[in-house]
$ cat upload32.cif   # mmCIF, C-alpha atoms
data_model
loop_
_atom_site.label_atom_id
_atom_site.label_comp_id
_atom_site.auth_asym_id
_atom_site.auth_seq_id
_atom_site.Cartn_x
_atom_site.Cartn_y
_atom_site.Cartn_z
CA ASN A 1 51.64 51.10 93.55
CA ILE A 2 55.15 52.26 94.34
CA VAL A 3 57.05 49.29 95.72
CA ARG A 4 60.35 51.09 96.25
CA PHE A 5 61.74 54.49 95.32
CA ARG A 6 64.92 54.50 93.27
CA PRO A 7 67.75 55.12 95.73
CA ARG A 8 69.53 58.45 95.58
CA LYS A 9 73.22 58.06 94.92
CA ALA A 10 76.30 60.29 95.24
CA SER A 11 79.98 59.53 94.62
CA VAL A 12 83.33 60.37 96.16
CA VAL A 13 86.35 59.93 93.88
CA GLY A 14 90.05 60.56 94.24
CA ILE A 15 92.16 60.37 97.38
CA ILE A 16 89.65 59.00 99.89
CA GLN A 17 89.72 55.83 102.00
CA ARG A 18 86.90 54.05 100.10
CA PRO A 19 86.14 55.83 96.81
CA GLY A 20 82.87 54.87 95.18
CA GLU A 21 79.13 55.48 94.85
CA TYR A 22 76.92 55.55 97.93
CA ASP A 23 73.20 55.65 98.67
CA PHE A 24 71.98 58.55 100.76
CA ARG A 25 68.73 59.65 102.37
CA PRO A 26 66.89 62.90 101.76
CA GLY A 27 68.46 65.59 103.90
CA ASP A 28 71.91 63.97 104.07
CA ARG A 29 74.84 66.33 103.59
CA ILE A 30 78.42 66.28 102.38
CA ARG A 31 79.92 65.34 105.74
CA SER A 32 77.78 62.20 105.94
CA LEU A 33 78.92 61.15 102.45
CA ILE A 34 82.59 61.67 103.35
CA ALA A 35 82.04 59.58 106.48
CA GLN A 36 80.50 56.76 104.40
CA ALA A 37 83.61 56.81 102.21
CA GLY A 38 85.83 56.31 105.26
CA GLY A 39 87.19 59.84 105.45
CA PRO A 40 90.27 61.40 103.81
CA VAL A 41 93.65 59.73 103.51
CA PRO A 42 95.96 61.35 106.12
CA ARG A 43 98.70 63.54 104.60
CA SER A 44 97.62 62.56 101.08
CA SER A 45 94.20 64.18 100.52
CA ASP A 46 94.13 67.80 99.39
CA LEU A 47 91.13 68.82 101.47
CA LYS A 48 91.50 72.53 100.77
CA HIS A 49 90.79 72.18 97.05
CA ALA A 50 88.07 69.55 96.69
CA THR A 51 85.21 70.10 94.24
CA LEU A 52 81.53 69.20 93.96
CA SER A 53 79.86 68.62 90.60
CA ARG A 54 76.11 68.22 90.20
CA LYS A 55 74.19 66.17 87.68
CA GLY A 56 73.43 68.12 84.52
CA SER A 57 75.87 70.93 85.32
CA ARG A 58 79.46 71.55 84.22
CA GLU A 59 80.13 73.89 87.14
CA LEU A 60 82.70 72.76 89.68
CA ILE A 61 81.78 74.02 93.13
CA PRO A 62 84.92 74.54 95.28
CA LEU A 63 84.93 72.83 98.67
CA ASP A 64 87.25 73.47 101.59
CA LEU A 65 86.78 70.11 103.30
CA GLU A 66 89.50 70.88 105.82
CA THR A 67 87.52 73.62 107.53
CA LEU A 68 84.26 71.75 106.96
CA LEU A 69 85.37 68.50 108.58
CA GLU A 70 87.00 70.35 111.46
CA GLY A 71 83.69 72.10 112.11
CA HIS A 72 85.05 75.61 111.58
CA ASP A 73 82.82 76.38 108.59
CA THR A 74 79.63 74.39 107.95
CA SER A 75 78.35 76.76 105.26
CA GLN A 76 79.75 74.36 102.64
CA ASP A 77 78.01 71.31 104.08
CA TYR A 78 75.56 71.28 101.19
CA GLU A 79 72.54 69.00 101.10
CA LEU A 80 73.25 66.13 98.72
CA GLN A 81 71.49 65.79 95.41
CA ASP A 82 71.13 62.68 93.27
CA GLY A 83 74.19 62.27 91.03
CA ASP A 84 76.54 64.50 93.05
CA VAL A 85 80.25 63.78 92.65
CA ILE A 86 82.86 64.98 95.15
CA THR A 87 86.44 64.94 93.84
CA ILE A 88 89.43 64.99 96.20
CA LEU A 89 92.85 65.43 94.63
CA GLU A 90 96.20 64.26 95.91
CA ALA A 91 97.89 66.82 98.13
CA GLU A 92 101.16 68.38 97.05
CA PRO A 93 103.78 67.66 99.71
CA PRO A 94 104.83 70.77 101.64
CA ARG A 95 108.08 72.23 100.38
CA VAL A 96 110.86 74.73 101.05
CA ASN A 97 112.94 76.58 98.45
CA VAL A 98 116.70 76.95 98.74
CA LEU A 99 118.14 79.50 96.30
CA GLY A 100 121.27 81.53 95.74
CA TYR A 101 124.85 80.32 96.16
CA VAL A 102 124.35 76.66 96.97
CA ALA A 103 125.51 73.73 94.87
CA ARG A 104 122.01 72.58 93.85
CA PRO A 105 119.38 75.31 94.28
CA GLY A 106 115.78 74.15 94.04
CA GLN A 107 112.66 73.07 95.85
CA PHE A 108 112.70 70.29 98.44
CA VAL A 109 110.09 68.40 100.41
CA TRP A 110 109.59 69.87 103.87
CA THR A 111 109.26 67.57 106.87
CA LYS A 112 108.31 68.46 110.41
CA GLY A 113 111.38 69.37 112.43
CA MET A 114 113.46 70.33 109.37
CA MET A 115 116.27 72.68 110.33
CA LEU A 116 118.15 75.21 108.22
CA SER A 117 121.15 72.88 108.16
CA ASP A 118 118.96 70.12 106.70
CA ALA A 119 117.77 72.36 103.87
CA ILE A 120 121.29 73.50 103.00
CA ALA A 121 122.44 69.88 103.00
CA LEU A 122 119.61 68.93 100.61
CA ALA A 123 120.93 71.66 98.29
CA ASN A 124 124.34 69.90 98.40
CA GLY A 125 125.81 72.54 100.66
CA PRO A 126 127.41 75.95 100.04
CA ILE A 127 129.78 76.84 97.21
CA GLN A 128 133.34 77.12 98.46
CA ASP A 129 134.61 80.70 98.65
CA ARG A 130 131.35 81.97 97.16
CA SER A 131 128.59 81.44 99.73
CA LYS A 132 128.14 84.08 102.43
CA LEU A 133 126.65 81.96 105.21
CA SER A 134 126.88 84.75 107.77
CA GLU A 135 123.90 86.51 106.16
CA VAL A 136 121.46 83.81 105.08
CA VAL A 137 118.03 85.30 104.41
CA ILE A 138 114.85 83.33 105.13
CA GLN A 139 111.51 84.55 103.79
CA ARG A 140 108.57 83.13 105.73
CA PRO A 141 104.98 83.49 104.43
CA VAL A 142 102.53 85.31 106.69
CA GLU A 143 99.57 83.02 107.22
CA GLY A 144 96.37 84.33 105.68
CA ARG A 145 98.16 87.13 103.81
CA PRO A 146 99.15 86.10 100.28
CA PHE A 147 102.42 87.61 98.98
CA GLU A 148 103.36 88.89 102.44
CA TYR A 149 106.27 87.46 104.38
CA ARG A 150 108.51 87.87 107.39
CA ARG A 151 112.27 88.22 106.83
CA ILE A 152 114.72 86.38 109.08
CA VAL A 153 118.49 86.94 108.75
CA VAL A 154 120.64 84.14 110.13
CA ASN A 155 124.36 83.95 110.81
CA PHE A 156 124.83 80.29 109.93
CA VAL A 157 128.60 80.55 110.46
CA ARG A 158 128.00 80.95 114.19
CA PHE A 159 126.18 77.63 114.19
CA GLN A 160 128.95 75.91 112.22
CA GLU A 161 131.90 77.30 114.14
CA LYS A 162 130.52 78.04 117.62
CA ASN A 163 127.59 75.61 117.91
CA ASP A 164 125.16 78.49 118.29
CA TYR A 165 121.97 76.50 117.75
CA SER A 166 119.87 79.68 117.77
CA GLN A 167 121.22 80.29 114.25
CA ASN A 168 120.11 76.87 113.00
CA ILE A 169 116.45 77.70 113.09
CA GLU A 170 113.61 75.29 112.40
CA LEU A 171 112.03 75.83 108.99
CA MET A 172 108.34 75.95 108.16
CA SER A 173 106.51 74.81 105.07
CA GLY A 174 106.74 77.47 102.37
CA ASP A 175 109.98 79.02 103.64
CA LEU A 176 112.41 80.37 101.09
CA VAL A 177 116.10 80.22 102.01
CA TYR A 178 118.46 82.52 100.10
CA VAL A 179 122.25 82.20 100.45
CA PRO A 180 124.02 85.36 99.15
CA SER A 181 127.45 85.60 97.57
CA THR A 182 130.64 86.70 99.27
CA ARG A 183 131.34 88.80 96.16
CA ASN A 184 128.24 90.80 96.87
CA PRO A 185 128.09 91.17 100.66
CA ASP A 186 125.46 93.93 100.58
CA LEU A 187 122.63 92.61 102.78
CA GLY A 188 120.18 95.06 101.23
CA ARG A 189 120.81 93.60 97.79
CA ALA A 190 120.49 90.06 99.13
CA ASN A 191 117.13 90.98 100.65
CA ALA A 192 115.95 92.51 97.36
CA ILE A 193 116.88 89.38 95.41
CA ALA A 194 115.17 87.17 97.98
CA ASN A 195 112.07 89.36 97.73
CA ILE A 196 111.88 88.74 93.98
CA ALA A 197 112.41 85.01 94.43
CA PHE A 198 109.75 84.85 97.15
CA THR A 199 107.23 86.64 94.90
CA ILE A 200 107.91 84.17 92.09
CA SER A 201 107.55 81.32 94.59
CA SER A 202 104.19 82.67 95.74
CA LEU A 203 102.96 82.95 92.16
CA LEU A 204 104.11 79.57 90.91
CA SER A 205 104.47 77.59 94.16
CA ARG A 206 105.76 74.52 92.38
CA ASN A 207 108.98 73.28 90.79
CA PHE A 208 111.92 75.67 91.22
CA GLY A 209 114.53 73.43 89.66
CA PHE A 210 114.78 75.83 86.71
CA LEU A 211 115.79 78.86 88.77
CA PRO A 212 119.40 80.00 88.33
CA ARG A 213 121.76 81.05 91.05
CA PHE A 214 121.55 84.81 91.59
#
$ encode --input "upload32.cif" --output "structure tokens"
Amino acid sequence: NIVRFRPRKASVVGIIQRPGEYDFRPGDRIRSLIAQAGGPVPRSSDLKHATLSRKGSRELIPLDLETLLEGHDTSQDYELQDGDVITILEAEPPRVNVLGYVARPGQFVWTKGMMLSDAIALANGPIQDRSKLSEVVIQRPVEGRPFEYRRIVVNFVRFQEKNDYSQNIELMSGDLVYVPSTRNPDLGRANAIANIAFTISSLLSRNFGFLPRF
């Protein structure tokens, strides 16, 4: 006689409130397992790039838990199998890139409400007699369209000298700020250089400390 069936178990590891192994019932799905584990860690869990691995298989099944948990796409709410492991990595903090003629070009952590002046300050400010702040170029990614962007040209001098706050625009995650040189005032050339930098940023999307000033 069967006294008790061996419980089915699945695990959640990584950046989750209560990582570990959990029992589940036949028919349970991924969302119920995530709920048992307490849900993701706010601002720390990379929900877009989670993975599911199944017992006896080396395949990693990609999971977009962000859309799944928000209810926008339930097609990835797979029925659990014994031995399943869901892995949630730590999220990369959102960033902006500041390149060109600034004292310390590079990539900086973006925070909500960050203004252009904040980003330039993080880059240790402009280079005296070299930075052309009247034609700062901002490349902004177009959501849902990889390698496409919107160009914004800002006269930052008007903000500095005339308190024109319309020229101190709020930045968004993924923005690339390019400060051209006064020795090369051609806006078309500045745009072309920023285009190249934005493409590199889209391809690598990580540390830009190695990039030179253009």
$ atom_distance --input "upload32.cif" --atom1 "atom CA of A:Ser57" --atom2 "atom CA of A:Gln81"
12.1 Å
$ residues_around --input "upload32.cif" --residues "A:Tyr78" --least-positions-apart "4" --cutoff "10 Å" --atoms "all atoms listed in the file" --output "VMD selection string"
chain A and resid 27 to 31 52 63 74
$ residues_around --input "upload32.cif" --residues "A:Asp64" --least-positions-apart "3" --cutoff "8 Å" --atoms "only C-alpha atoms" --output "NGL selection string"
:A and (47-50 or 67-68 or 76)
$ residues_around --input "upload32.cif" --residues "A:Asn124" --least-positions-apart "3" --cutoff "12 Å" --atoms "all atoms listed in the file" --output "ChimeraX atom specification"
/A:98-99,101-106,108,117-121,127-128
$ residues_around --input "upload32.cif" --residues "A:Ser131" --least-positions-apart "2" --cutoff "12 Å" --atoms "all atoms listed in the file" --output "JSON, numbers by chain"
{"A": [99, 100, 101, 102, 103, 120, 125, 126, 127, 128, 129, 133, 134, 135, 136, 156, 157, 178, 179, 180, 181, 182, 183, 184, 185, 190, 213, 214]}
$ resolve_selection --input "upload32.cif" --expression "the PyMOL selection byres ((chain A and resi 11) around 8)" --output "VMD selection string"
chain A and resid 9 to 10 12 to 13 19 to 22 83 to 86
